[in-house]
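Engineer: target00.pdb is reproduced below (PDB, C-alpha atoms).
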ATOM      1  CA  MET P1288       0.000   0.000   0.000
ATOM      2  CA  ASN P1289       1.443   3.387  -0.933
ATOM      3  CA  ASP P1290       2.048   6.145   1.610
ATOM      4  CA  ASP P1291      -0.600   8.448   0.104
ATOM      5  CA  LEU P1292      -3.366   5.841   0.488
ATOM      6  CA  HIS P1293      -2.150   4.971   3.978
ATOM      7  CA  GLN P1294      -2.347   8.663   4.937
ATOM      8  CA  ARG P1295      -5.915   8.977   3.538
ATOM      9  CA  ILE P1296      -6.973   5.882   5.495
ATOM     10  CA  GLN P1297      -5.443   7.310   8.681
ATOM     11  CA  GLN P1298      -7.323  10.597   8.117
ATOM     12  CA  ALA P1299     -10.624   8.711   7.716
ATOM     13  CA  LEU P1300      -9.882   6.697  10.872
ATOM     14  CA  ALA P1301      -9.013   9.799  12.890
ATOM     15  CA  ASN P1302     -12.665  10.837  12.723
ATOM     16  CA  PRO P1303     -14.785   7.872  11.600
ATOM     17  CA  GLN P1304     -18.334   8.789  10.684
ATOM     18  CA  ASN P1305     -21.501   6.887  11.542
ATOM     19  CA  MET P1306     -19.922   4.193  13.673
ATOM     20  CA  GLY P1307     -22.157   2.168  15.961
ATOM     21  CA  GLU P1308     -25.555   0.537  16.114
ATOM     22  CA  MET P1309     -28.632   2.518  15.101
ATOM     23  CA  ALA P1310     -31.804   2.209  17.140
ATOM     24  CA  GLY P1311     -34.932   2.240  15.021
ATOM     25  CA  ALA P1312     -33.188   1.324  11.755
ATOM     26  CA  ASP P1313     -35.420   0.311   8.871
ATOM     27  CA  SER P1314     -33.042  -2.395   7.654
ATOM     28  CA  VAL P1315     -29.771  -4.045   8.557
ATOM     29  CA  GLY P1316     -27.261  -5.995   6.506
ATOM     30  CA  THR P1317     -24.519  -8.251   7.780
ATOM     31  CA  VAL P1318     -21.646  -9.824   5.871
ATOM     32  CA  GLY P1319     -18.614 -11.833   6.776
ATOM     33  CA  ASN P1320     -15.553 -13.070   4.966
ATOM     34  CA  ALA P1321     -14.529 -16.451   6.326
ATOM     35  CA  ASP P1322     -11.070 -16.288   4.735
ATOM     36  CA  CYS P1323      -9.873 -13.146   6.523
ATOM     37  CA  GLY P1324     -12.265 -13.140   9.496
ATOM     38  CA  GLU P1325     -13.716  -9.694   8.762
ATOM     39  CA  MET P1326     -17.367  -8.959   9.502
ATOM     40  CA  LEU P1327     -19.423  -5.844   8.959
ATOM     41  CA  ARG P1328     -22.962  -4.831   9.874
ATOM     42  CA  LEU P1329     -24.715  -1.849   8.303
ATOM     43  CA  TRP P1330     -27.903  -0.184   9.608
ATOM     44  CA  VAL P1331     -30.035   2.011   7.324
ATOM     45  CA  LYS P1332     -32.812   4.478   8.148
ATOM     46  CA  PHE P1333     -34.999   5.948   5.393
ATOM     47  CA  LYS P1334     -37.017   9.139   5.105
ATOM     48  CA  GLU P1335     -39.533  10.494   2.621
ATOM     49  CA  GLU P1336     -38.122  13.279   0.436
ATOM     50  CA  ASN P1337     -39.839  14.769  -2.621
ATOM     51  CA  GLY P1338     -42.118  11.755  -2.866
ATOM     52  CA  LYS P1339     -39.212   9.283  -2.773
ATOM     53  CA  LYS P1340     -37.901   7.027  -0.034
ATOM     54  CA  VAL P1341     -34.243   8.004   0.453
ATOM     55  CA  ILE P1342     -31.535   6.981   2.882
ATOM     56  CA  ASP P1343     -31.580   9.402   5.782
ATOM     57  CA  ARG P1344     -28.767   7.815   7.749
ATOM     58  CA  ALA P1345     -26.557   4.733   7.778
ATOM     59  CA  THR P1346     -24.272   3.435  10.521
ATOM     60  CA  PHE P1347     -21.919   0.476  10.790
ATOM     61  CA  GLN P1348     -19.932  -1.766  13.083
ATOM     62  CA  SER P1349     -16.933  -3.684  11.837
ATOM     63  CA  PHE P1350     -14.590  -6.456  12.824
ATOM     64  CA  GLY P1351     -12.153  -5.612  10.095
ATOM     65  CA  CYS P1352      -8.956  -3.897   9.152
ATOM     66  CA  GLU P1353      -8.433  -0.138   9.037
ATOM     67  CA  THR P1354      -9.269  -0.022   5.327
ATOM     68  CA  ALA P1355     -12.649  -1.712   5.854
ATOM     69  CA  ILE P1356     -13.514   0.739   8.635
ATOM     70  CA  ALA P1357     -12.427   3.726   6.525
ATOM     71  CA  VAL P1358     -14.442   2.543   3.493
ATOM     72  CA  ALA P1359     -17.530   1.894   5.650
ATOM     73  CA  SER P1360     -17.242   5.360   7.185
ATOM     74  CA  LEU P1361     -16.983   7.037   3.784
ATOM     75  CA  ALA P1362     -19.696   4.869   2.218
ATOM     76  CA  THR P1363     -22.246   5.692   4.948
ATOM     77  CA  GLU P1364     -21.778   9.366   4.060
ATOM     78  CA  LEU P1365     -21.875   8.687   0.311
ATOM     79  CA  ILE P1366     -25.236   6.883   0.344
ATOM     80  CA  ARG P1367     -27.044   9.543   2.379
ATOM     81  CA  GLY P1368     -29.853  11.100   0.311
ATOM     82  CA  LYS P1369     -29.861   8.287  -2.264
ATOM     83  CA  THR P1370     -32.695   5.876  -2.942
ATOM     84  CA  ALA P1371     -32.013   2.201  -2.298
ATOM     85  CA  GLU P1372     -31.723   1.676  -6.059
ATOM     86  CA  GLU P1373     -29.184   4.516  -6.414
ATOM     87  CA  ALA P1374     -27.112   3.179  -3.514
ATOM     88  CA  LEU P1375     -27.183  -0.350  -4.927
ATOM     89  CA  ALA P1376     -26.010   0.993  -8.306
ATOM     90  CA  LEU P1377     -22.744   2.254  -6.775
ATOM     91  CA  LYS P1378     -19.734   0.251  -7.858
ATOM     92  CA  THR P1379     -17.312  -1.234  -5.346
ATOM     93  CA  GLU P1380     -14.615   1.301  -6.209
ATOM     94  CA  GLU P1381     -17.080   4.195  -5.776
ATOM     95  CA  LEU P1382     -17.776   3.163  -2.184
ATOM     96  CA  ALA P1383     -14.140   3.869  -1.298
ATOM     97  CA  GLY P1384     -14.878   7.532  -2.060
ATOM     98  CA  GLU P1385     -12.048   9.892  -1.136
ATOM     99  CA  LEU P1386      -9.665   7.004  -0.518
ATOM    100  CA  GLY P1387      -9.385   6.591  -4.260
ATOM    101  CA  PRO P1388      -8.428   3.332  -5.941
ATOM    102  CA  LEU P1389      -7.565   0.553  -3.527
ATOM    103  CA  PRO P1390      -4.694  -1.847  -4.183
ATOM    104  CA  PRO P1391      -5.745  -5.390  -5.177
ATOM    105  CA  MET P1392      -5.006  -6.721  -1.682
ATOM    106  CA  LYS P1393      -7.505  -4.226  -0.165
ATOM    107  CA  ILE P1394     -10.379  -4.416  -2.675
ATOM    108  CA  HIS P1395     -12.052  -7.027  -0.470
ATOM    109  CA  CYS P1396     -12.551  -4.267   2.133
ATOM    110  CA  ALA P1397     -14.784  -2.297  -0.230
ATOM    111  CA  GLN P1398     -16.487  -5.542  -1.283
ATOM    112  CA  LEU P1399     -17.295  -6.207   2.370
ATOM    113  CA  VAL P1400     -19.021  -2.813   2.605
ATOM    114  CA  GLU P1401     -20.803  -3.402  -0.710
ATOM    115  CA  GLY P1402     -22.007  -6.796   0.540
ATOM    116  CA  ALA P1403     -23.427  -5.292   3.741
ATOM    117  CA  LEU P1404     -25.142  -2.575   1.698
ATOM    118  CA  ARG P1405     -26.671  -5.151  -0.647
ATOM    119  CA  SER P1406     -27.745  -7.269   2.318
ATOM    120  CA  ALA P1407     -29.432  -4.269   3.985
ATOM    121  CA  LEU P1408     -31.112  -2.940   0.841
ATOM    122  CA  SER P1409     -32.075  -6.151  -0.936
ATOM    123  CA  PRO P1410     -35.783  -6.283  -1.843
ATOM    124  CA  ASP P1411     -36.249  -9.491   0.169
ATOM    125  CA  GLN P1412     -34.885  -7.889   3.363
ATOM    126  CA  LYS P1413     -36.865  -9.245   6.324
ATOM    127  CA  PRO P1414     -38.001  -7.051   9.214
ATOM    128  CA  ILE P1415     -35.346  -6.288  11.783
ATOM    129  CA  ALA P1416     -35.163  -8.420  14.877
ATOM    130  CA  PRO P1417     -35.778  -6.748  18.240
ATOM    131  CA  PRO P1418     -32.785  -4.936  19.733
ATOM    132  CA  PRO P1419     -30.190  -7.190  21.346
ATOM    133  CA  THR P1420     -30.521  -7.867  25.022
ATOM    134  CA  ALA P1421     -28.345  -6.008  27.492
ATOM    135  CA  GLY P1422     -24.816  -7.328  27.582
ATOM    136  CA  SER P1423     -24.906  -8.810  24.096
ATOM    137  CA  THR P1424     -22.256  -7.781  21.605
ATOM    138  CA  LEU P1425     -21.878  -7.627  17.850
ATOM    139  CA  LEU P1426     -19.761 -10.770  18.112
ATOM    140  CA  ASP P1427     -22.619 -12.514  19.960
ATOM    141  CA  SER P1428     -25.028 -11.586  17.202
ATOM    142  CA  PHE P1429     -22.683 -12.996  14.564
ATOM    143  CA  SER P1430     -22.335 -16.190  16.577
ATOM    144  CA  LYS P1431     -26.062 -16.503  17.222
ATOM    145  CA  PRO P1432     -27.956 -14.692  14.423
ATOM    146  CA  LYS P1433     -31.381 -13.416  15.424
ATOM    147  CA  GLU P1434     -34.528 -13.940  13.372
ATOM    148  CA  GLY P1435     -34.709 -11.409  10.541
ATOM    149  CA  VAL P1436     -30.950 -10.793  10.305
ATOM    150  CA  LYS P1437     -29.357 -12.183   7.177
ATOM    151  CA  LEU P1438     -25.670 -13.169   7.314
ATOM    152  CA  THR P1439     -24.058 -13.236   3.873
ATOM    153  CA  PHE P1440     -20.624 -14.663   3.155
ATOM    154  CA  LEU P1441     -18.750 -13.171   0.223
ATOM    155  CA  ASP P1442     -18.052 -15.403  -2.746
ATOM    156  CA  GLU P1443     -14.478 -16.589  -3.108
ATOM    157  CA  GLU P1444     -14.208 -15.272  -6.692
ATOM    158  CA  LYS P1445     -15.129 -11.710  -5.630
ATOM    159  CA  LYS P1446     -11.861 -11.307  -3.750
TER
END
Output the file's structure in the form of structure tokens.

Structural biologist:
Amino acid sequence: MNDDLHQRIQQALANPQNMGEMAGADSVGTVGNADCGEMLRLWVKFKEENGKKVIDRATFQSFGCETAIAVASLATELIRGKTAEEALALKTEELAGELGPLPPMKIHCAQLVEGALRSALSPDQKPIAPPPTAGSTLLDSFSKPKEGVKLTFLDEEKK
């Protein structure tokens, strides 16, 4: 990874946006990559704007490397104000936003974010499960998925 990209990632990590669970989310998407052990969950809240349902806010939690966290932070800002269809039309490299092109060894980080976005916005998204009980963690919810939460593993050829 070149120094310029590393510096942009560090800047994104210095002030990550939209990190954490979102109470009252309209949908949630969860993905994991068994090969590298990374997992990401994305919450999305919609609002009505000019007769269209657009993304009002998105938040995330990640068990992943710095690049995955930086991409998720930038992507949650990028999709704000877009319809689900517009957000789903974004290409993997677009989700990295200000980071610019990622090296081949880090593309899976953006694919992780894209997978969580697709999981959250897919037309067959089931209603969200009730909030986790006190003391439960994101790791617990990955270990014991609740009803209505879809866990998607990335395809090997997408890496």

Engineer: As a check of understanding, name the residues that the PyMOL selection byres ((chain P and resi 1385) around 8) selects in the supplied structure, as a CSV table (one decimal) with C-alpha atoms, in the coordinates of the input.

Structural biologist:
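The result, stored in out.csv:
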chain,number,residue,atom,x,y,z
P,1295,ARG,CA,-5.9,9.0,3.5
P,1361,LEU,CA,-17.0,7.0,3.8
P,1383,ALA,CA,-14.1,3.9,-1.3
P,1384,GLY,CA,-14.9,7.5,-2.1
P,1386,LEU,CA,-9.7,7.0,-0.5
P,1387,GLY,CA,-9.4,6.6,-4.3

Engineer: Under the rule that only C-alpha atoms are counted, which of P:Gly1311, P:Pro1303, P:Gly1338, P:Gly1319 is the nearest residue to Glu1353 in chain P?

Structural biologist: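 Closest candidate: P:Pro1303.
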
Engineer: Using 8 Å of padding on each side, determine the axis-aligned box around all atoms of range 1370-1385 of chain P present in the file and give its centre and edge lengths in Å to one decimal, as AutoDock Vina command-line options.

Structural biologist:
--center_x -22.4 --center_y 4.3 --center_z -4.7 --size_x 36.6 --size_y 27.1 --size_z 23.2

Engineer: Could you list the residues chosen by the PyMOL selection byres ((chain P and resi 1307) around 8) in this structure as number ranges by chain?

Structural biologist: P: 1305-1306, 1308-1309, 1346-1348

Engineer: Out of P:Glu1364, P:Leu1399, P:Asn1302, P:Glu1380, which residue has the shortest atom-to-atom distance to Phe1350 in chain P when counting all atoms listed in the file?

Structural biologist: P:Leu1399

Engineer: Figure out the distance between CA of Cys1396 in chain P and CA of Ala1374 in chain P, please, to one decimal in Å.

Structural biologist: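 Between CA of Ala1374 in chain P and CA of Cys1396 in chain P the gap works out to 17.3 Å.
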
Engineer: In Å to one decimal, how far is CA of Lys1339 in chain P from CA of Leu1375 in chain P?

Structural biologist: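 Interatomic distance, CA of Leu1375 in chain P to CA of Lys1339 in chain P: 15.6 Å.
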
Engineer: Provide the CA of Gly1316 in chain P to CA of Glu1401 in chain P distance in Å, to one decimal place.

Structural biologist: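 Going from CA of Gly1316 in chain P over to CA of Glu1401 in chain P covers 10.0 Å.
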